[in-house]
file run33.txt (compact mmCIF, C-alpha atoms)
# COMPACT_ATOMS: atom_id res chain seq x y z
CA MET A 1 -120.67 -19.60 179.54
CA THR A 2 -121.74 -19.67 175.89
CA SER A 3 -120.73 -22.37 173.48
CA THR A 4 -118.89 -21.54 170.26
CA THR A 5 -119.72 -24.94 168.78
CA PRO A 6 -122.31 -24.53 166.03
CA ALA A 7 -125.55 -26.43 166.45
CA CYS A 8 -125.77 -29.70 164.55
CA GLY A 9 -127.93 -29.25 161.45
CA ILE A 10 -128.82 -32.93 161.35
CA CYS A 11 -129.85 -32.94 165.01
CA ALA A 12 -132.07 -29.94 164.15
CA MET A 13 -133.65 -31.92 161.29
CA ILE A 14 -134.18 -34.87 163.64
CA ASP A 15 -135.96 -32.51 166.04
CA ARG A 16 -138.25 -31.46 163.17
CA ILE A 17 -138.90 -35.14 162.35
CA LYS A 18 -139.80 -35.82 165.99
CA ALA A 19 -142.12 -32.79 165.97
CA GLY A 20 -143.85 -34.07 162.84
CA SER A 21 -142.80 -31.07 160.75
CA PHE A 22 -140.34 -32.62 158.30
CA ARG A 23 -142.05 -32.89 154.93
CA ASP A 24 -139.85 -35.60 153.41
CA PHE A 25 -139.68 -37.92 156.44
CA ILE A 26 -140.12 -41.53 155.33
CA ALA A 27 -139.55 -43.77 158.36
CA GLU A 28 -137.98 -44.18 161.78
CA LEU A 29 -135.94 -47.34 162.29
CA LYS A 30 -134.17 -48.55 165.44
CA SER A 31 -130.91 -46.72 164.71
CA CYS A 32 -131.83 -44.06 162.16
CA TYR A 33 -134.34 -41.84 160.43
CA VAL A 34 -134.90 -42.13 156.67
CA ILE A 35 -135.76 -39.08 154.59
CA LEU A 36 -136.24 -38.46 150.89
CA GLY A 37 -133.30 -36.41 149.63
CA ASP A 38 -133.58 -33.10 147.84
CA GLN A 39 -131.57 -34.27 144.81
CA GLN A 40 -134.09 -36.30 142.89
CA PHE A 41 -132.07 -36.20 139.68
CA TYR A 42 -131.14 -39.52 141.27
CA ARG A 43 -134.71 -40.74 141.68
CA GLY A 44 -135.15 -42.44 145.04
CA TYR A 45 -132.21 -40.65 146.66
CA CYS A 46 -132.58 -40.97 150.43
CA VAL A 47 -130.54 -39.99 153.47
CA LEU A 48 -130.25 -41.94 156.73
CA PHE A 49 -129.57 -39.90 159.88
CA ALA A 50 -128.06 -41.88 162.75
CA LYS A 51 -130.15 -41.34 165.88
CA LEU A 52 -127.00 -41.30 167.95
CA HIS A 53 -125.06 -38.07 167.47
CA ALA A 54 -121.54 -39.11 166.55
CA THR A 55 -119.15 -37.30 164.24
CA GLU A 56 -117.48 -40.49 162.99
CA LEU A 57 -118.69 -44.02 162.42
CA TYR A 58 -115.74 -45.38 164.41
CA LEU A 59 -116.77 -43.25 167.40
CA MET A 60 -120.13 -45.02 167.63
CA PRO A 61 -120.47 -48.08 169.85
CA ALA A 62 -119.72 -51.11 167.66
CA ASP A 63 -123.21 -52.59 168.09
CA SER A 64 -124.82 -49.29 167.07
CA ALA A 65 -122.61 -49.00 163.99
CA ARG A 66 -123.42 -52.60 162.97
CA LEU A 67 -127.15 -52.03 163.40
CA LEU A 68 -126.93 -48.86 161.30
CA ALA A 69 -125.08 -50.79 158.57
CA ASP A 70 -127.68 -53.56 158.62
CA GLU A 71 -130.51 -51.04 158.37
CA MET A 72 -128.74 -49.17 155.59
CA ARG A 73 -128.44 -52.37 153.58
CA LEU A 74 -132.16 -53.08 153.89
CA VAL A 75 -133.12 -49.46 153.15
CA ALA A 76 -131.01 -49.65 149.98
CA GLU A 77 -132.75 -52.90 149.07
CA ALA A 78 -136.15 -51.22 149.59
CA ILE A 79 -135.20 -48.22 147.43
CA ALA A 80 -133.87 -50.55 144.73
CA ALA A 81 -137.14 -52.48 144.71
CA VAL A 82 -138.92 -49.21 143.89
CA VAL A 83 -136.60 -47.49 141.39
CA LYS A 84 -134.64 -50.44 139.94
CA PRO A 85 -131.24 -48.72 139.75
CA TRP A 86 -128.26 -49.71 137.64
CA LYS A 87 -126.06 -49.11 140.72
CA MET A 88 -126.58 -47.89 144.29
CA ASN A 89 -124.02 -45.40 145.60
CA TYR A 90 -123.39 -44.98 149.33
CA GLU A 91 -121.76 -41.87 150.76
CA CYS A 92 -120.92 -41.08 154.36
CA LEU A 93 -119.02 -37.81 154.28
CA GLY A 94 -119.82 -35.51 157.21
CA ASN A 95 -117.57 -32.68 156.08
CA SER A 96 -120.45 -30.18 156.02
CA GLU A 97 -122.61 -31.77 158.71
CA PRO A 98 -120.48 -33.61 161.30
CA HIS A 99 -123.14 -36.15 162.29
CA VAL A 100 -123.02 -39.72 160.95
CA HIS A 101 -125.42 -39.92 158.03
CA TRP A 102 -125.53 -41.92 154.83
CA HIS A 103 -126.56 -40.79 151.36
CA LEU A 104 -128.13 -43.60 149.30
CA LEU A 105 -128.09 -42.64 145.64
CA PRO A 106 -129.69 -44.93 143.07
CA ARG A 107 -127.93 -44.48 139.75
CA GLN A 108 -129.51 -45.04 136.38
CA SER A 109 -127.15 -45.71 133.51
CA THR A 110 -127.79 -44.06 130.23
CA GLU A 111 -125.25 -44.03 127.46
CA THR A 112 -125.74 -40.27 127.05
CA ASP A 113 -124.85 -39.48 130.69
CA GLU A 114 -121.12 -38.79 130.59
CA MET A 115 -121.01 -38.71 134.41
CA ARG A 116 -122.65 -42.11 134.96
CA ARG A 117 -119.44 -43.71 136.21
CA GLY A 118 -118.19 -40.78 138.30
CA PRO A 119 -119.08 -39.57 141.78
CA ILE A 120 -122.44 -37.81 141.92
CA TRP A 121 -120.84 -34.72 143.47
CA LEU A 122 -119.14 -33.92 140.14
CA ARG A 123 -122.56 -33.10 138.67
CA PRO A 124 -123.38 -29.44 139.37
CA GLU A 125 -125.73 -29.03 142.33
CA SER A 126 -128.14 -27.07 140.14
CA GLU A 127 -128.60 -30.23 138.02
CA ARG A 128 -128.83 -32.62 141.00
CA LYS A 129 -131.45 -30.68 142.97
CA VAL A 130 -134.36 -31.69 140.80
CA PRO A 131 -137.67 -31.32 142.65
CA LEU A 132 -140.44 -33.82 142.07
CA GLU A 133 -143.99 -32.84 141.21
CA GLU A 134 -145.98 -33.14 144.48
CA ASN A 135 -148.04 -36.21 143.52
CA ASP A 136 -144.92 -37.95 142.23
CA ARG A 137 -143.03 -37.08 145.46
CA ARG A 138 -145.85 -38.48 147.60
CA ALA A 139 -146.13 -41.63 145.46
CA LEU A 140 -142.37 -42.22 145.66
CA ILE A 141 -142.35 -41.79 149.46
CA GLU A 142 -145.33 -44.16 149.80
CA SER A 143 -143.68 -46.78 147.58
CA ILE A 144 -140.49 -46.65 149.65
CA ARG A 145 -142.52 -46.80 152.88
CA ARG A 146 -144.32 -49.95 151.70
CA GLN A 147 -141.01 -51.60 150.90
CA LEU A 148 -139.57 -50.55 154.27
CA ALA A 149 -142.64 -51.82 156.15
CA SER A 150 -142.10 -55.28 154.66
CA ARG A 151 -138.47 -55.30 155.82
CA PHE A 152 -138.88 -53.53 159.17
CA PRO A 153 -142.11 -54.64 160.89
CA ASP A 154 -141.29 -52.48 163.93
CA ALA A 155 -140.53 -49.30 161.95
CA ARG A 156 -142.42 -46.11 162.69
CA ILE A 157 -143.94 -45.19 159.35
CA PRO A 158 -146.34 -42.26 159.28
CA ALA A 159 -149.77 -42.68 157.77
CA SER A 160 -150.18 -40.95 154.43

call {"tool": "encode", "arguments": {"input": "run33.txt", "output": "structure tokens"}}
result
Amino acid sequence: MTSTTPACGICAMIDRIKAGSFRDFIAELKSCYVILGDQQFYRGYCVLFAKLHATELYLMPADSARLLADEMRLVAEAIAAVVKPWKMNYECLGNSEPHVHWHLLPRQSTETDEMRRGPIWLRPESERKVPLEENDRRALIESIRRQLASRFPDARIPAS
């Protein structure tokens, strides 16, 4: 019998992380994987993929959900130490990818940014998906890794 359920895109990305073929992998924590996001208009934007495949936070075992929340808080703190945001936004949507994952979006406030107080998703995707120059991308990942290593001594952090 064949399944009509589409494969989970986040589980596929986790498989690539485990295989060592995910370019923007930052660290593996007890409950999640941390990657650099592809929308670096918000410099330092990262995504946390829950290791446990669950479509909703409330469907996770309570201890797993609490651990994920604790790790998310410390990951946000690490990102903030690097990019010094005006505000950190947290998004857990799952409408496109039904696997618990969190978007951590550091926001910088400039008086000329009319969208600074609105949700990031109002900004056109073409503006959000700003790639970083390769050396800048590597330096940002390394800076975040150093901050994570100081907060998570048992994290799996790849060598540069």

call {"tool": "residues_near_point", "arguments": {"input": "run33.txt", "point": "(-132.6, -47.6, 136.0)", "cutoff": "8 Å", "atoms": "all atoms listed in the file", "output": "MDAnalysis selection string"}}
result
chainID A and resid 83:86 107:109

call {"tool": "atom_distance", "arguments": {"input": "run33.txt", "atom1": "CA of Ala155 in chain A", "atom2": "CA of Glu77 in chain A"}}
result
15.5 Å

call {"tool": "closest_residue", "arguments": {"input": "run33.txt", "among": "A:Ile157, A:Ser143, A:Phe152, A:Ser64", "to": "Ala80 in chain A", "atoms": "all atoms listed in the file"}}
result
A:Ser143

call {"tool": "atom_distance", "arguments": {"input": "run33.txt", "atom1": "CA of Lys87 in chain A", "atom2": "CA of Leu105 in chain A"}}
result
8.4 Å

call {"tool": "residues_near_point", "arguments": {"input": "run33.txt", "point": "(-147.5, -43.5, 157.6)", "cutoff": "9 Å", "atoms": "all atoms listed in the file", "output": "ChimeraX atom specification"}}
result
/A:26-27,142,145,156-160

call {"tool": "atom_distance", "arguments": {"input": "run33.txt", "atom1": "CA of Leu140 in chain A", "atom2": "CA of Ile79 in chain A"}}
result
9.5 Å

call {"tool": "residues_around", "arguments": {"input": "run33.txt", "residues": "range 6-13 of chain A", "least_positions_apart": "2", "cutoff": "7 Å", "atoms": "all atoms listed in the file", "output": "PyMOL selection string"}}
result
chain A and resi 4+15-17+97+99

call {"tool": "residues_around", "arguments": {"input": "run33.txt", "residues": "Thr55 in chain A", "least_positions_apart": "2", "cutoff": "8 Å", "atoms": "all atoms listed in the file", "output": "list of chain:residue names"}}
result
A:His53, A:Leu57, A:Leu59, A:Gly94, A:Pro98, A:His99, A:Val100

call {"tool": "closest_residue", "arguments": {"input": "run33.txt", "among": "A:Ala19, A:Met115, A:Val130, A:Leu104", "to": "Leu74 in chain A", "atoms": "all atoms listed in the file"}}
result
A:Leu104

call {"tool": "closest_residue", "arguments": {"input": "run33.txt", "among": "A:Arg151, A:Arg137, A:Arg66, A:Arg146", "to": "Leu36 in chain A", "atoms": "only C-alpha atoms"}}
result
A:Arg137

call {"tool": "closest_residue", "arguments": {"input": "run33.txt", "among": "A:Arg117, A:Lys18, A:Arg123, A:Lys51", "to": "Ser31 in chain A", "atoms": "all atoms listed in the file"}}
result
A:Lys51

call {"tool": "closest_residue", "arguments": {"input": "run33.txt", "among": "A:Ala81, A:Met88, A:Ala139, A:Leu67", "to": "Ile120 in chain A", "atoms": "all atoms listed in the file"}}
result
A:Met88

call {"tool": "residues_around", "arguments": {"input": "run33.txt", "residues": "Glu125 in chain A", "least_positions_apart": "3", "cutoff": "12 Å", "atoms": "all atoms listed in the file", "output": "list in words"}}
result
Asp38, Gln39, Gln40, Phe41, Tyr42, Ile120, Trp121, Leu122, Arg128, Lys129 and Val130 of chain A

call {"tool": "closest_residue", "arguments": {"input": "run33.txt", "among": "A:His101, A:Asn95, A:Val75, A:Asp113", "to": "Ala54 in chain A", "atoms": "all atoms listed in the file"}}
result
A:His101

call {"tool": "decode", "arguments": {"input": "run33.txt", "residues": "range 76-88 of chain A", "atoms": "all heavy atoms", "output": "PDB file, in the first residue's frame"}}
result
ATOM      1  N   ALA A  76      17.951  32.163  21.364  1.00  0.00           N
ATOM      2  CA  ALA A  76      17.625  33.579  21.123  1.00  0.00           C
ATOM      3  C   ALA A  76      18.625  34.481  21.834  1.00  0.00           C
ATOM      4  O   ALA A  76      19.083  35.487  21.276  1.00  0.00           O
ATOM      5  CB  ALA A  76      16.198  33.880  21.573  1.00  0.00           C
ATOM      6  N   GLU A  77      18.972  34.137  23.055  1.00  0.00           N
ATOM      7  CA  GLU A  77      19.953  34.910  23.816  1.00  0.00           C
ATOM      8  C   GLU A  77      21.309  34.917  23.093  1.00  0.00           C
ATOM      9  O   GLU A  77      21.972  35.955  23.014  1.00  0.00           O
ATOM     10  CB  GLU A  77      20.086  34.300  25.206  1.00  0.00           C
ATOM     11  CG  GLU A  77      20.998  35.040  26.151  1.00  0.00           C
ATOM     12  CD  GLU A  77      21.050  34.345  27.501  1.00  0.00           C
ATOM     13  OE1 GLU A  77      20.143  34.603  28.320  1.00  0.00           O
ATOM     14  OE2 GLU A  77      21.976  33.534  27.714  1.00  0.00           O
ATOM     15  N   ALA A  78      21.700  33.762  22.555  1.00  0.00           N
ATOM     16  CA  ALA A  78      22.974  33.665  21.823  1.00  0.00           C
ATOM     17  C   ALA A  78      22.950  34.521  20.563  1.00  0.00           C
ATOM     18  O   ALA A  78      23.916  35.246  20.275  1.00  0.00           O
ATOM     19  CB  ALA A  78      23.258  32.201  21.474  1.00  0.00           C
ATOM     20  N   ILE A  79      21.858  34.453  19.815  1.00  0.00           N
ATOM     21  CA  ILE A  79      21.732  35.267  18.597  1.00  0.00           C
ATOM     22  C   ILE A  79      21.789  36.745  18.966  1.00  0.00           C
ATOM     23  O   ILE A  79      22.485  37.542  18.316  1.00  0.00           O
ATOM     24  CB  ILE A  79      20.424  34.937  17.849  1.00  0.00           C
ATOM     25  CG1 ILE A  79      20.438  33.499  17.340  1.00  0.00           C
ATOM     26  CG2 ILE A  79      20.194  35.922  16.694  1.00  0.00           C
ATOM     27  CD1 ILE A  79      19.070  32.995  16.896  1.00  0.00           C
ATOM     28  N   ALA A  80      21.071  37.118  20.016  1.00  0.00           N
ATOM     29  CA  ALA A  80      21.034  38.522  20.446  1.00  0.00           C
ATOM     30  C   ALA A  80      22.419  39.012  20.852  1.00  0.00           C
ATOM     31  O   ALA A  80      22.770  40.173  20.602  1.00  0.00           O
ATOM     32  CB  ALA A  80      20.040  38.707  21.587  1.00  0.00           C
ATOM     33  N   ALA A  81      23.212  38.144  21.455  1.00  0.00           N
ATOM     34  CA  ALA A  81      24.567  38.543  21.840  1.00  0.00           C
ATOM     35  C   ALA A  81      25.414  38.868  20.610  1.00  0.00           C
ATOM     36  O   ALA A  81      26.321  39.693  20.681  1.00  0.00           O
ATOM     37  CB  ALA A  81      25.228  37.434  22.660  1.00  0.00           C
ATOM     38  N   VAL A  82      25.094  38.253  19.495  1.00  0.00           N
ATOM     39  CA  VAL A  82      25.855  38.475  18.253  1.00  0.00           C
ATOM     40  C   VAL A  82      25.347  39.692  17.496  1.00  0.00           C
ATOM     41  O   VAL A  82      26.125  40.551  17.091  1.00  0.00           O
ATOM     42  CB  VAL A  82      25.814  37.215  17.348  1.00  0.00           C
ATOM     43  CG1 VAL A  82      26.450  37.490  16.000  1.00  0.00           C
ATOM     44  CG2 VAL A  82      26.496  36.038  18.044  1.00  0.00           C
ATOM     45  N   VAL A  83      24.030  39.792  17.282  1.00  0.00           N
ATOM     46  CA  VAL A  83      23.502  40.828  16.375  1.00  0.00           C
ATOM     47  C   VAL A  83      22.859  42.019  17.082  1.00  0.00           C
ATOM     48  O   VAL A  83      22.484  42.982  16.424  1.00  0.00           O
ATOM     49  CB  VAL A  83      22.535  40.236  15.326  1.00  0.00           C
ATOM     50  CG1 VAL A  83      23.234  39.207  14.461  1.00  0.00           C
ATOM     51  CG2 VAL A  83      21.291  39.654  15.968  1.00  0.00           C
ATOM     52  N   LYS A  84      22.709  41.943  18.398  1.00  0.00           N
ATOM     53  CA  LYS A  84      22.184  43.066  19.191  1.00  0.00           C
ATOM     54  C   LYS A  84      20.875  43.639  18.622  1.00  0.00           C
ATOM     55  O   LYS A  84      20.810  44.791  18.232  1.00  0.00           O
ATOM     56  CB  LYS A  84      23.224  44.186  19.289  1.00  0.00           C
ATOM     57  CG  LYS A  84      24.624  43.737  19.610  1.00  0.00           C
ATOM     58  CD  LYS A  84      24.847  43.629  21.081  1.00  0.00           C
ATOM     59  CE  LYS A  84      26.289  43.405  21.458  1.00  0.00           C
ATOM     60  NZ  LYS A  84      26.779  42.054  21.341  1.00  0.00           N
ATOM     61  N   PRO A  85      19.827  42.826  18.574  1.00  0.00           N
ATOM     62  CA  PRO A  85      18.579  43.307  17.968  1.00  0.00           C
ATOM     63  C   PRO A  85      17.816  44.293  18.855  1.00  0.00           C
ATOM     64  O   PRO A  85      17.988  44.321  20.068  1.00  0.00           O
ATOM     65  CB  PRO A  85      17.762  42.031  17.796  1.00  0.00           C
ATOM     66  CG  PRO A  85      18.212  41.169  18.919  1.00  0.00           C
ATOM     67  CD  PRO A  85      19.691  41.475  19.093  1.00  0.00           C
ATOM     68  N   TRP A  86      16.948  45.044  18.195  1.00  0.00           N
ATOM     69  CA  TRP A  86      15.997  45.914  18.888  1.00  0.00           C
ATOM     70  C   TRP A  86      14.916  45.047  19.526  1.00  0.00           C
ATOM     71  O   TRP A  86      14.451  45.301  20.627  1.00  0.00           O
ATOM     72  CB  TRP A  86      15.410  46.886  17.854  1.00  0.00           C
ATOM     73  CG  TRP A  86      14.157  47.579  18.248  1.00  0.00           C
ATOM     74  CD1 TRP A  86      14.029  48.549  19.203  1.00  0.00           C
ATOM     75  CD2 TRP A  86      12.855  47.385  17.701  1.00  0.00           C
ATOM     76  NE1 TRP A  86      12.719  48.955  19.284  1.00  0.00           N
ATOM     77  CE2 TRP A  86      11.976  48.256  18.361  1.00  0.00           C
ATOM     78  CE3 TRP A  86      12.343  46.554  16.702  1.00  0.00           C
ATOM     79  CZ2 TRP A  86      10.619  48.325  18.063  1.00  0.00           C
ATOM     80  CZ3 TRP A  86      11.002  46.624  16.402  1.00  0.00           C
ATOM     81  CH2 TRP A  86      10.156  47.507  17.083  1.00  0.00           C
ATOM     82  N   LYS A  87      14.531  43.957  18.832  1.00  0.00           N
ATOM     83  CA  LYS A  87      13.471  43.053  19.290  1.00  0.00           C
ATOM     84  C   LYS A  87      13.696  41.701  18.644  1.00  0.00           C
ATOM     85  O   LYS A  87      14.157  41.621  17.514  1.00  0.00           O
ATOM     86  CB  LYS A  87      12.106  43.624  18.855  1.00  0.00           C
ATOM     87  CG  LYS A  87      10.918  42.768  19.208  1.00  0.00           C
ATOM     88  CD  LYS A  87      10.591  42.876  20.685  1.00  0.00           C
ATOM     89  CE  LYS A  87       9.366  42.094  21.072  1.00  0.00           C
ATOM     90  NZ  LYS A  87       9.638  40.752  21.546  1.00  0.00           N
ATOM     91  N   MET A  88      13.408  40.628  19.378  1.00  0.00           N
ATOM     92  CA  MET A  88      13.477  39.278  18.816  1.00  0.00           C
ATOM     93  C   MET A  88      12.049  38.804  18.584  1.00  0.00           C
ATOM     94  O   MET A  88      11.221  38.840  19.509  1.00  0.00           O
ATOM     95  CB  MET A  88      14.196  38.329  19.782  1.00  0.00           C
ATOM     96  CG  MET A  88      14.390  36.922  19.250  1.00  0.00           C
ATOM     97  SD  MET A  88      15.598  36.779  17.918  1.00  0.00           S
ATOM     98  CE  MET A  88      17.130  37.032  18.828  1.00  0.00           C
TER      99      MET A  88
END
